[in-house]
Amino acid sequence: MTQPTNPLSIAFIWHMHQPDYKDDFTGEYLMPWVRLHAIKDYLDMVLLLEPYPKIRQTFNLVPSLIDQLEDYCRPETQDRHLAVTLREAFSAEDRQFILQRFFDAPYGTMIAKSQHYRELHGRRRPQGETDFELGQFSEQDLADITALFHLVWTDPLWFKKYPELQTLWNKGAGYTLADRHRIIEIQREIINSILPTYRKFQESGQIEVTTTPYYHPILPLLIDTDSARVAMPNAILPEERFRHPEDARFHVEGAQKRYREIFGRSAQGVWPAEQSVSPAAIDLLKEVGEFTWAVSSEGILAHSLGIPIEKDLYGNIMNADVFCSPYRYAGMNLLFRNLTLSDLIGFHYATLSAEQAVDDFMYRIKHLQHRCELAGVDHPIITVALDGENCWESFPEDGHWFLNLLYKRLSEDESLNICRVCDYFDTLPASQIKPLERLHAGSWINSNFHIWIADPVKNAAWTYLYKTRNDLAHFTEAGRYASPLIASAWEEIYVAEGSDWFWWYGEPNHSGQDDVFDMQFRRHLANVYRILDLEVPGYLSVPLTITMGRTDTSPAAPISPQITGRRENADSWKAAGSLDLTHGAMNRATRILNKVLFGSDQTSAYFRFDLNAEALSPYHEIYVYCCTPGKTRHNSPIRIKSAGGHTVLTQRYHYAYEIQLSRLLPGQVMVSCAEALPDHLWMHHTDLVSAIAYEDILDISVNLEAMQIGPGELLQFTVALVQGEVLEEIHPTSSVIPLERLNYLVSEPVA
């Protein structure tokens, strides 16, 4: 490979964000994640750059995160985890809470680091869906759990800087109240230094700090929910169209104002929440926020230009002349991130050694550099932009080994310019920025807004927001309330406009604490009425229910078919739901799976797979992935990967159970089942499939009791077709299918 004539610029942009967990009406923080990520991610990510002066990066701090960090600097600020940790004695409610929530950490990289913590974790015994047996734990055990929880969430850097922490870690057990107080005191010292450190590194020129609209809203949807129709013309949207560009203006103006308060200057760059853009959103960011550049994702660029992203089998972009260049739309400079490189750091490199991961990253960078040289790209740039906090939980040593080796290798390569975005644009001739005539409206996920709207539950949340906001507008116009009260009430609306509430509603995302996010969203809306001393509407006290996606037909009635594998008993499957795959693009001669029938009764779920035997190879397999909405349990990504790194929505879901059907020959089908474990692991499970038969059609029955599905509860599933350990098809592609465990038996097969 020849020496490049101009250096390849690489812009790392780390996005730091957590939802607003504070109930401003009560002052209570309902979740501890800002505090825990503050001691694990926000500061060390900047300090790791210190030994590498050639590595300059961009960090994005969401204003509502800044507010919470400043709040935690005050000794009186508490969340429930913190309050329980500092109790002199634990109540029965505290004890249950400790066993429920003080093991919220990846098993392999956190819990397993401490022998005692691992042993305490192994002694937990569920007693019902939400409670645990308490008899196995002494008061000292519970104190140890609270201390070790906070210690495993502490970044390795702080054990070096605070010898006391290392001493406490080495203690391993027998933690006193004084020990726990000291752990929390050190946490506050760390949190107090976060914002000053960002200011210091920005002033030195090693980092650039950018911002996001205030409470992390999906800006295009606030301006007009109908913007979702650009990418999803047939989407079912909320009945009441939400159009409030004035709210979007608040979030944009407020972000720039808050940034100036902290950093003494205006922000040049903006990370639109979830990299969501639209023409109206860019106009607002440019004119109201006075930003000069923004970042989105490669799919938005592809849709805007109307061209495909050409990638090889390994996900490397082939048309680098298009995707390694900067653009300008409506006076705003735009970068579009390389999704493969960003996702490899975010989701894959944790499974490799630091050396393997860095070797792979450098190979991909040099591959793109070579393609840019061949294409004659002037001033090429690769944008690596991703969440700067959550992915490190899966890395050994919180990602330090990987990042240090990566920064060392990048520093040693004279042909690379690891730059701040502001520096790149400041030195770039304007003639080198490509004009973008059209801008697609969408987010980084599938270049649309489906994660935040167009699902029945998400739509219901938008309706709740619409109604409450309308009420507050009327209260404001009435002029009967003092200005401070009205301002506080409006703040609750702005918080509820944040993206995270809609992210967790409906499909496909599940946090394991969806009920808490639901409660927080409804509480923010209810606070509008509480602040004004008004009666809270009854609908805000009712949790939003989980609703699933559609199929070709849903089950018309319960079924209890015999598992024969023969078409002759088709009558017993007549009432089943169906997923018909014969109308897709797959050629009839090569199509493997024609149709899936499914149904349930009081004890089992039933699946019938209509296979094209002539097209089957010995390497074909069927996987059924299942999840259990509303239940607190472990979930993992599917183990099967696509060629080229392409993924669809249901491939990104996390699932609780896996059923593998291989050797797809009559009378020879093999079944293997697994259950999800912590840290994205799977464990063999023997009791999921209770019967299987394949003569001229493949039938299986699944034991719902073994899946811990109670009467009236739901199982959700998707079906994947695999060949040679590579995913070929997954159905459905954008939603999972619901099945209910019924409360009664079917006495006769339904005709």
# chains A, B, ... in the order shown; residues from 1 in each chain; ligands from 1
$ residues_around --residues "stretch 315-332 of chain A" --least-positions-apart "6" --cutoff "9 Å" --atoms "only C-alpha atoms" --output "NGL selection string"
:A and (279 or 282-283 or 285-286 or 291-294 or 298 or 301-302 or 309 or 338 or 340-341 or 364 or 367-369 or 371-372 or 375-383 or 425 or 432-439 or 643-646)
$ closest_atom_pairs --of "stretch 175-205 of chain A" --to "stretch 56-67 of chain A" --cutoff "9 Å" --atoms "only C-alpha atoms" --output "Markdown table"
| residue | atom | partner | partner_atom | distance |
| --- | --- | --- | --- | --- |
| A:Leu195 | CA | A:Ile66 | CA | 8.1 |
| A:Tyr198 | CA | A:Phe59 | CA | 8.8 |
| A:Gly205 | CA | A:Arg56 | CA | 7.7 |
$ closest_residue --among "A:Phe598, A:Leu616, A:Gly442, A:Ser662" --to "A:Met232" --atoms "only C-alpha atoms"
A:Gly442
$ residues_around --residues "A:Leu739" --least-positions-apart "3" --cutoff "8 Å" --atoms "only C-alpha atoms" --output "list in words"
Gly599, Ser600, Ala605, Leu714, Leu715 and Gln716 of chain A
$ closest_residue --among "A:Glu491, A:Asp580, A:Asp413, A:Asp360" --to "A:His731" --atoms "only C-alpha atoms"
A:Asp580
$ closest_residue --among "A:Tyr539, A:His450, A:Gly710, A:Glu740" --to "A:Gly577" --atoms "only C-alpha atoms"
A:Glu740
$ select_by_dssp --residues "stretch 493-740 of chain A" --states "strand (DSSP E)" --output "JSON, numbers by chain"
{"A": [577, 578, 579, 580, 593, 594, 595, 596, 597, 598, 599, 600, 604, 605, 606, 607, 608, 609, 610, 611, 620, 621, 622, 623, 624, 625, 626, 627, 636, 637, 641, 642, 654, 655, 657, 658, 659, 660, 661, 662, 670, 671, 672, 673, 674, 675, 676, 677, 681, 682, 683, 684, 689, 690, 691, 692, 693, 694, 698, 699, 700, 701, 702, 703, 714, 715, 716, 717, 718, 719, 720, 721, 722, 723, 726, 727, 728, 729, 730, 731, 737, 738, 739, 740]}
$ residues_around --residues "A:Asp387" --least-positions-apart "4" --cutoff "9 Å" --atoms "only C-alpha atoms" --output "list in words"
Ile13, Trp14, His15, Met16, His17, Ser342, Gly346 and Cys391 of chain A
$ write_last_selection --atoms "N, CA, C and O atoms" --output "short mmCIF file (atom, residue, chain, number, x, y, z; two decimals), in the first residue's frame"
data_model
loop_
_atom_site.label_atom_id
_atom_site.label_comp_id
_atom_site.auth_asym_id
_atom_site.auth_seq_id
_atom_site.Cartn_x
_atom_site.Cartn_y
_atom_site.Cartn_z
N ILE A 13 -16.36 10.46 18.64
CA ILE A 13 -17.35 11.27 19.37
C ILE A 13 -18.02 10.35 20.38
O ILE A 13 -18.70 9.38 20.00
N TRP A 14 -17.81 10.63 21.66
CA TRP A 14 -18.38 9.80 22.74
C TRP A 14 -19.59 10.52 23.32
O TRP A 14 -19.50 11.65 23.78
N HIS A 15 -20.72 9.84 23.31
CA HIS A 15 -21.99 10.42 23.75
C HIS A 15 -22.29 10.01 25.18
O HIS A 15 -22.42 8.81 25.47
N MET A 16 -22.36 10.98 26.08
CA MET A 16 -22.63 10.72 27.50
C MET A 16 -24.06 11.15 27.83
O MET A 16 -24.39 12.34 27.78
N HIS A 17 -24.89 10.17 28.19
CA HIS A 17 -26.30 10.48 28.41
C HIS A 17 -26.95 9.46 29.33
O HIS A 17 -26.70 8.26 29.21
N SER A 342 -18.37 1.84 14.72
CA SER A 342 -18.99 2.26 15.98
C SER A 342 -19.63 1.08 16.71
O SER A 342 -19.48 0.92 17.92
N GLY A 346 -19.06 -0.82 20.31
CA GLY A 346 -20.19 -0.83 21.23
C GLY A 346 -20.71 -2.21 21.57
O GLY A 346 -21.19 -2.43 22.69
N CYS A 391 -21.20 0.63 26.94
CA CYS A 391 -20.53 -0.54 26.36
C CYS A 391 -19.40 -1.06 27.23
O CYS A 391 -19.08 -2.26 27.19
#
$ select_by_dssp --residues "stretch 252-369 of chain A" --states "alpha helix (DSSP H)" --output "number ranges by chain"
A: 252-263, 279-287, 298-305, 320-323, 339-343, 354-369
$ residues_around --residues "A:His116" --least-positions-apart "5" --cutoff "12 Å" --atoms "only C-alpha atoms" --output "PyMOL selection string"
chain A and resi 111+121-123+141-142+144-145+147-149+152+169-175
$ write_last_selection --atoms "all heavy atoms" --output "short mmCIF file (atom, residue, chain, number, x, y, z; two decimals), in the first residue's frame"
data_model
loop_
_atom_site.label_atom_id
_atom_site.label_comp_id
_atom_site.auth_asym_id
_atom_site.auth_seq_id
_atom_site.Cartn_x
_atom_site.Cartn_y
_atom_site.Cartn_z
N ILE A 111 -19.66 -8.84 38.77
CA ILE A 111 -20.02 -9.68 39.92
C ILE A 111 -18.94 -10.73 40.18
O ILE A 111 -18.53 -10.96 41.32
CB ILE A 111 -21.39 -10.33 39.70
CG1 ILE A 111 -22.49 -9.26 39.72
CG2 ILE A 111 -21.68 -11.39 40.78
CD1 ILE A 111 -23.87 -9.78 39.38
N HIS A 121 -24.39 -13.69 45.37
CA HIS A 121 -25.28 -13.72 44.20
C HIS A 121 -25.84 -15.12 44.00
O HIS A 121 -27.03 -15.30 43.70
CB HIS A 121 -24.50 -13.26 42.97
CG HIS A 121 -25.27 -13.34 41.68
ND1 HIS A 121 -25.28 -14.47 40.89
CD2 HIS A 121 -26.05 -12.43 41.05
CE1 HIS A 121 -26.03 -14.26 39.83
NE2 HIS A 121 -26.51 -13.03 39.90
N GLY A 122 -25.01 -16.13 44.16
CA GLY A 122 -25.45 -17.51 43.96
C GLY A 122 -26.43 -18.00 45.01
O GLY A 122 -27.15 -18.97 44.77
N ARG A 123 -26.48 -17.34 46.17
CA ARG A 123 -27.39 -17.76 47.23
C ARG A 123 -28.79 -17.17 47.09
O ARG A 123 -29.69 -17.54 47.84
CB ARG A 123 -26.81 -17.36 48.59
CG ARG A 123 -25.76 -18.37 49.09
CD ARG A 123 -24.87 -17.80 50.16
NE ARG A 123 -25.60 -17.14 51.23
CZ ARG A 123 -25.04 -16.38 52.17
NH1 ARG A 123 -23.72 -16.19 52.14
NH2 ARG A 123 -25.75 -15.81 53.11
N ASP A 141 -24.30 -9.87 55.64
CA ASP A 141 -24.34 -10.22 54.22
C ASP A 141 -24.92 -9.08 53.40
O ASP A 141 -24.40 -8.71 52.34
CB ASP A 141 -25.19 -11.48 54.00
CG ASP A 141 -24.52 -12.74 54.49
OD1 ASP A 141 -23.27 -12.76 54.58
OD2 ASP A 141 -25.25 -13.71 54.77
N LEU A 142 -26.03 -8.52 53.88
CA LEU A 142 -26.70 -7.45 53.14
C LEU A 142 -25.83 -6.20 53.10
O LEU A 142 -25.78 -5.50 52.07
CB LEU A 142 -28.06 -7.16 53.77
CG LEU A 142 -29.04 -8.35 53.72
CD1 LEU A 142 -30.24 -8.09 54.61
CD2 LEU A 142 -29.50 -8.61 52.29
N ASP A 144 -22.60 -6.23 53.10
CA ASP A 144 -21.54 -6.55 52.15
C ASP A 144 -22.03 -6.39 50.71
O ASP A 144 -21.30 -5.90 49.84
CB ASP A 144 -21.04 -7.97 52.37
CG ASP A 144 -20.24 -8.13 53.66
OD1 ASP A 144 -19.89 -7.09 54.28
OD2 ASP A 144 -19.97 -9.27 54.06
N ILE A 145 -23.27 -6.80 50.46
CA ILE A 145 -23.82 -6.67 49.11
C ILE A 145 -23.84 -5.20 48.69
O ILE A 145 -23.44 -4.85 47.57
CB ILE A 145 -25.24 -7.28 49.03
CG1 ILE A 145 -25.18 -8.80 49.18
CG2 ILE A 145 -25.91 -6.92 47.72
CD1 ILE A 145 -26.53 -9.46 49.36
N ALA A 147 -22.02 -2.71 49.78
CA ALA A 147 -20.66 -2.19 49.60
C ALA A 147 -20.04 -2.72 48.31
O ALA A 147 -19.46 -1.96 47.52
CB ALA A 147 -19.80 -2.57 50.80
N LEU A 148 -20.15 -4.02 48.09
CA LEU A 148 -19.53 -4.61 46.91
C LEU A 148 -20.19 -4.15 45.62
O LEU A 148 -19.53 -4.00 44.58
CB LEU A 148 -19.57 -6.14 47.03
CG LEU A 148 -18.63 -6.71 48.09
CD1 LEU A 148 -18.97 -8.17 48.40
CD2 LEU A 148 -17.17 -6.59 47.64
N PHE A 149 -21.49 -3.91 45.66
CA PHE A 149 -22.19 -3.37 44.50
C PHE A 149 -21.53 -2.06 44.05
O PHE A 149 -21.24 -1.85 42.86
CB PHE A 149 -23.66 -3.14 44.85
CG PHE A 149 -24.45 -2.39 43.80
CD1 PHE A 149 -24.84 -3.02 42.62
CD2 PHE A 149 -24.83 -1.07 44.00
CE1 PHE A 149 -25.58 -2.34 41.67
CE2 PHE A 149 -25.57 -0.38 43.05
CZ PHE A 149 -25.95 -1.02 41.87
N VAL A 152 -17.79 -2.73 42.70
CA VAL A 152 -17.64 -3.30 41.36
C VAL A 152 -18.05 -2.29 40.29
O VAL A 152 -17.62 -2.40 39.13
CB VAL A 152 -18.44 -4.62 41.18
CG1 VAL A 152 -17.95 -5.67 42.15
CG2 VAL A 152 -19.94 -4.41 41.27
N TRP A 169 -11.50 -2.84 48.84
CA TRP A 169 -11.73 -3.96 47.93
C TRP A 169 -11.05 -5.22 48.44
O TRP A 169 -11.62 -6.31 48.42
CB TRP A 169 -11.22 -3.60 46.54
CG TRP A 169 -11.29 -4.73 45.57
CD1 TRP A 169 -10.27 -5.51 45.12
CD2 TRP A 169 -12.48 -5.24 44.94
NE1 TRP A 169 -10.72 -6.46 44.25
CE2 TRP A 169 -12.08 -6.33 44.11
CE3 TRP A 169 -13.82 -4.91 44.98
CZ2 TRP A 169 -12.97 -7.06 43.34
CZ3 TRP A 169 -14.73 -5.64 44.21
CH2 TRP A 169 -14.30 -6.69 43.41
N ASN A 170 -9.83 -5.08 48.89
CA ASN A 170 -9.08 -6.23 49.40
C ASN A 170 -9.74 -6.83 50.63
O ASN A 170 -9.59 -8.03 50.91
CB ASN A 170 -7.65 -5.83 49.73
CG ASN A 170 -6.84 -5.46 48.50
OD1 ASN A 170 -7.21 -5.83 47.39
ND2 ASN A 170 -5.77 -4.71 48.69
N LYS A 171 -10.46 -6.02 51.38
CA LYS A 171 -11.16 -6.51 52.57
C LYS A 171 -12.13 -7.62 52.19
O LYS A 171 -12.23 -8.64 52.90
CB LYS A 171 -11.88 -5.34 53.25
CG LYS A 171 -12.53 -5.68 54.56
CD LYS A 171 -13.10 -4.40 55.21
CE LYS A 171 -13.73 -4.69 56.56
NZ LYS A 171 -14.22 -3.45 57.23
N GLY A 172 -12.90 -7.43 51.12
CA GLY A 172 -13.71 -8.50 50.55
C GLY A 172 -15.01 -8.80 51.25
O GLY A 172 -15.96 -9.28 50.64
N ALA A 173 -15.10 -8.56 52.57
CA ALA A 173 -16.30 -8.89 53.35
C ALA A 173 -16.21 -8.15 54.68
O ALA A 173 -15.20 -7.53 55.01
CB ALA A 173 -16.42 -10.39 53.57
N GLY A 174 -17.32 -8.22 55.44
CA GLY A 174 -17.33 -7.61 56.77
C GLY A 174 -17.33 -6.09 56.73
O GLY A 174 -16.74 -5.43 57.60
N TYR A 175 -18.01 -5.51 55.74
CA TYR A 175 -18.01 -4.05 55.58
C TYR A 175 -18.86 -3.38 56.66
O TYR A 175 -19.99 -3.80 56.94
CB TYR A 175 -18.51 -3.67 54.19
CG TYR A 175 -17.55 -4.09 53.11
CD1 TYR A 175 -17.76 -5.27 52.38
CD2 TYR A 175 -16.42 -3.34 52.82
CE1 TYR A 175 -16.87 -5.67 51.40
CE2 TYR A 175 -15.52 -3.73 51.84
CZ TYR A 175 -15.75 -4.90 51.13
OH TYR A 175 -14.86 -5.30 50.17
#
$ decode --residues "stretch 127-153 of chain A" --atoms "N, CA, C and O atoms" --output "compact mmCIF listing (two decimals), in the first residue's frame"
# COMPACT_ATOMS: atom_id res chain seq x y z
N GLN A 127 -38.57 -16.04 45.34
CA GLN A 127 -39.78 -16.50 46.01
C GLN A 127 -40.93 -15.73 45.36
O GLN A 127 -41.29 -14.65 45.79
N GLY A 128 -41.46 -16.27 44.26
CA GLY A 128 -42.41 -15.51 43.49
C GLY A 128 -41.67 -14.68 42.45
O GLY A 128 -40.47 -14.81 42.24
N GLU A 129 -42.39 -13.77 41.80
CA GLU A 129 -41.83 -13.02 40.68
C GLU A 129 -40.96 -11.87 41.13
O GLU A 129 -40.02 -11.48 40.44
N THR A 130 -41.25 -11.28 42.28
CA THR A 130 -40.51 -10.08 42.68
C THR A 130 -39.81 -10.20 44.02
O THR A 130 -39.01 -9.34 44.37
N ASP A 131 -40.08 -11.24 44.78
CA ASP A 131 -39.50 -11.36 46.12
C ASP A 131 -38.44 -12.45 46.16
O ASP A 131 -38.39 -13.35 45.32
N PHE A 132 -37.57 -12.35 47.19
CA PHE A 132 -36.52 -13.34 47.40
C PHE A 132 -36.60 -13.87 48.82
O PHE A 132 -37.08 -13.18 49.73
N GLU A 133 -36.13 -15.10 49.00
CA GLU A 133 -36.04 -15.66 50.34
C GLU A 133 -34.96 -14.92 51.12
O GLU A 133 -33.84 -14.77 50.66
N LEU A 134 -35.32 -14.46 52.31
CA LEU A 134 -34.39 -13.64 53.09
C LEU A 134 -33.61 -14.45 54.11
O LEU A 134 -32.60 -13.98 54.64
N GLY A 135 -34.05 -15.66 54.39
CA GLY A 135 -33.45 -16.41 55.48
C GLY A 135 -31.99 -16.78 55.25
O GLY A 135 -31.27 -17.09 56.20
N GLN A 136 -31.54 -16.74 54.00
CA GLN A 136 -30.17 -17.13 53.69
C GLN A 136 -29.17 -16.01 53.95
O GLN A 136 -27.97 -16.20 53.79
N PHE A 137 -29.65 -14.81 54.34
CA PHE A 137 -28.77 -13.65 54.40
C PHE A 137 -28.82 -12.99 55.78
O PHE A 137 -29.89 -12.67 56.29
N SER A 138 -27.65 -12.78 56.35
CA SER A 138 -27.54 -12.06 57.62
C SER A 138 -27.49 -10.56 57.34
O SER A 138 -27.35 -10.12 56.19
N GLU A 139 -27.59 -9.78 58.40
CA GLU A 139 -27.47 -8.32 58.27
C GLU A 139 -26.10 -7.97 57.67
O GLU A 139 -25.99 -7.06 56.84
N GLN A 140 -25.06 -8.70 58.06
CA GLN A 140 -23.73 -8.44 57.52
C GLN A 140 -23.66 -8.77 56.04
O GLN A 140 -23.04 -8.05 55.25
N ASP A 141 -24.30 -9.87 55.64
CA ASP A 141 -24.34 -10.22 54.22
C ASP A 141 -24.92 -9.08 53.40
O ASP A 141 -24.40 -8.71 52.34
N LEU A 142 -26.03 -8.52 53.88
CA LEU A 142 -26.70 -7.45 53.14
C LEU A 142 -25.83 -6.20 53.10
O LEU A 142 -25.78 -5.50 52.07
N ALA A 143 -25.15 -5.90 54.20
CA ALA A 143 -24.22 -4.77 54.19
C ALA A 143 -23.11 -5.00 53.18
O ALA A 143 -22.70 -4.08 52.45
N ASP A 144 -22.60 -6.23 53.10
CA ASP A 144 -21.54 -6.55 52.15
C ASP A 144 -22.03 -6.39 50.71
O ASP A 144 -21.30 -5.90 49.84
N ILE A 145 -23.27 -6.80 50.46
CA ILE A 145 -23.82 -6.67 49.11
C ILE A 145 -23.84 -5.20 48.69
O ILE A 145 -23.44 -4.85 47.57
N THR A 146 -24.30 -4.32 49.58
CA THR A 146 -24.39 -2.90 49.21
C THR A 146 -22.99 -2.32 48.97
O THR A 146 -22.80 -1.52 48.05
N ALA A 147 -22.02 -2.71 49.78
CA ALA A 147 -20.66 -2.19 49.60
C ALA A 147 -20.04 -2.72 48.31
O ALA A 147 -19.46 -1.96 47.52
N LEU A 148 -20.15 -4.02 48.09
CA LEU A 148 -19.53 -4.61 46.91
C LEU A 148 -20.19 -4.15 45.62
O LEU A 148 -19.53 -4.00 44.58
N PHE A 149 -21.49 -3.91 45.66
CA PHE A 149 -22.19 -3.37 44.50
C PHE A 149 -21.53 -2.06 44.05
O PHE A 149 -21.24 -1.85 42.86
N HIS A 150 -21.28 -1.18 45.00
CA HIS A 150 -20.66 0.09 44.65
C HIS A 150 -19.19 -0.07 44.26
O HIS A 150 -18.69 0.65 43.39
N LEU A 151 -18.51 -1.01 44.84
CA LEU A 151 -17.10 -1.21 44.50
C LEU A 151 -16.93 -1.79 43.10
O LEU A 151 -16.02 -1.40 42.36
N VAL A 152 -17.79 -2.73 42.70
CA VAL A 152 -17.64 -3.30 41.36
C VAL A 152 -18.05 -2.29 40.29
O VAL A 152 -17.62 -2.40 39.13
N TRP A 153 -18.87 -1.30 40.65
CA TRP A 153 -19.23 -0.25 39.70
C TRP A 153 -18.17 0.86 39.63
O TRP A 153 -18.32 1.81 38.87
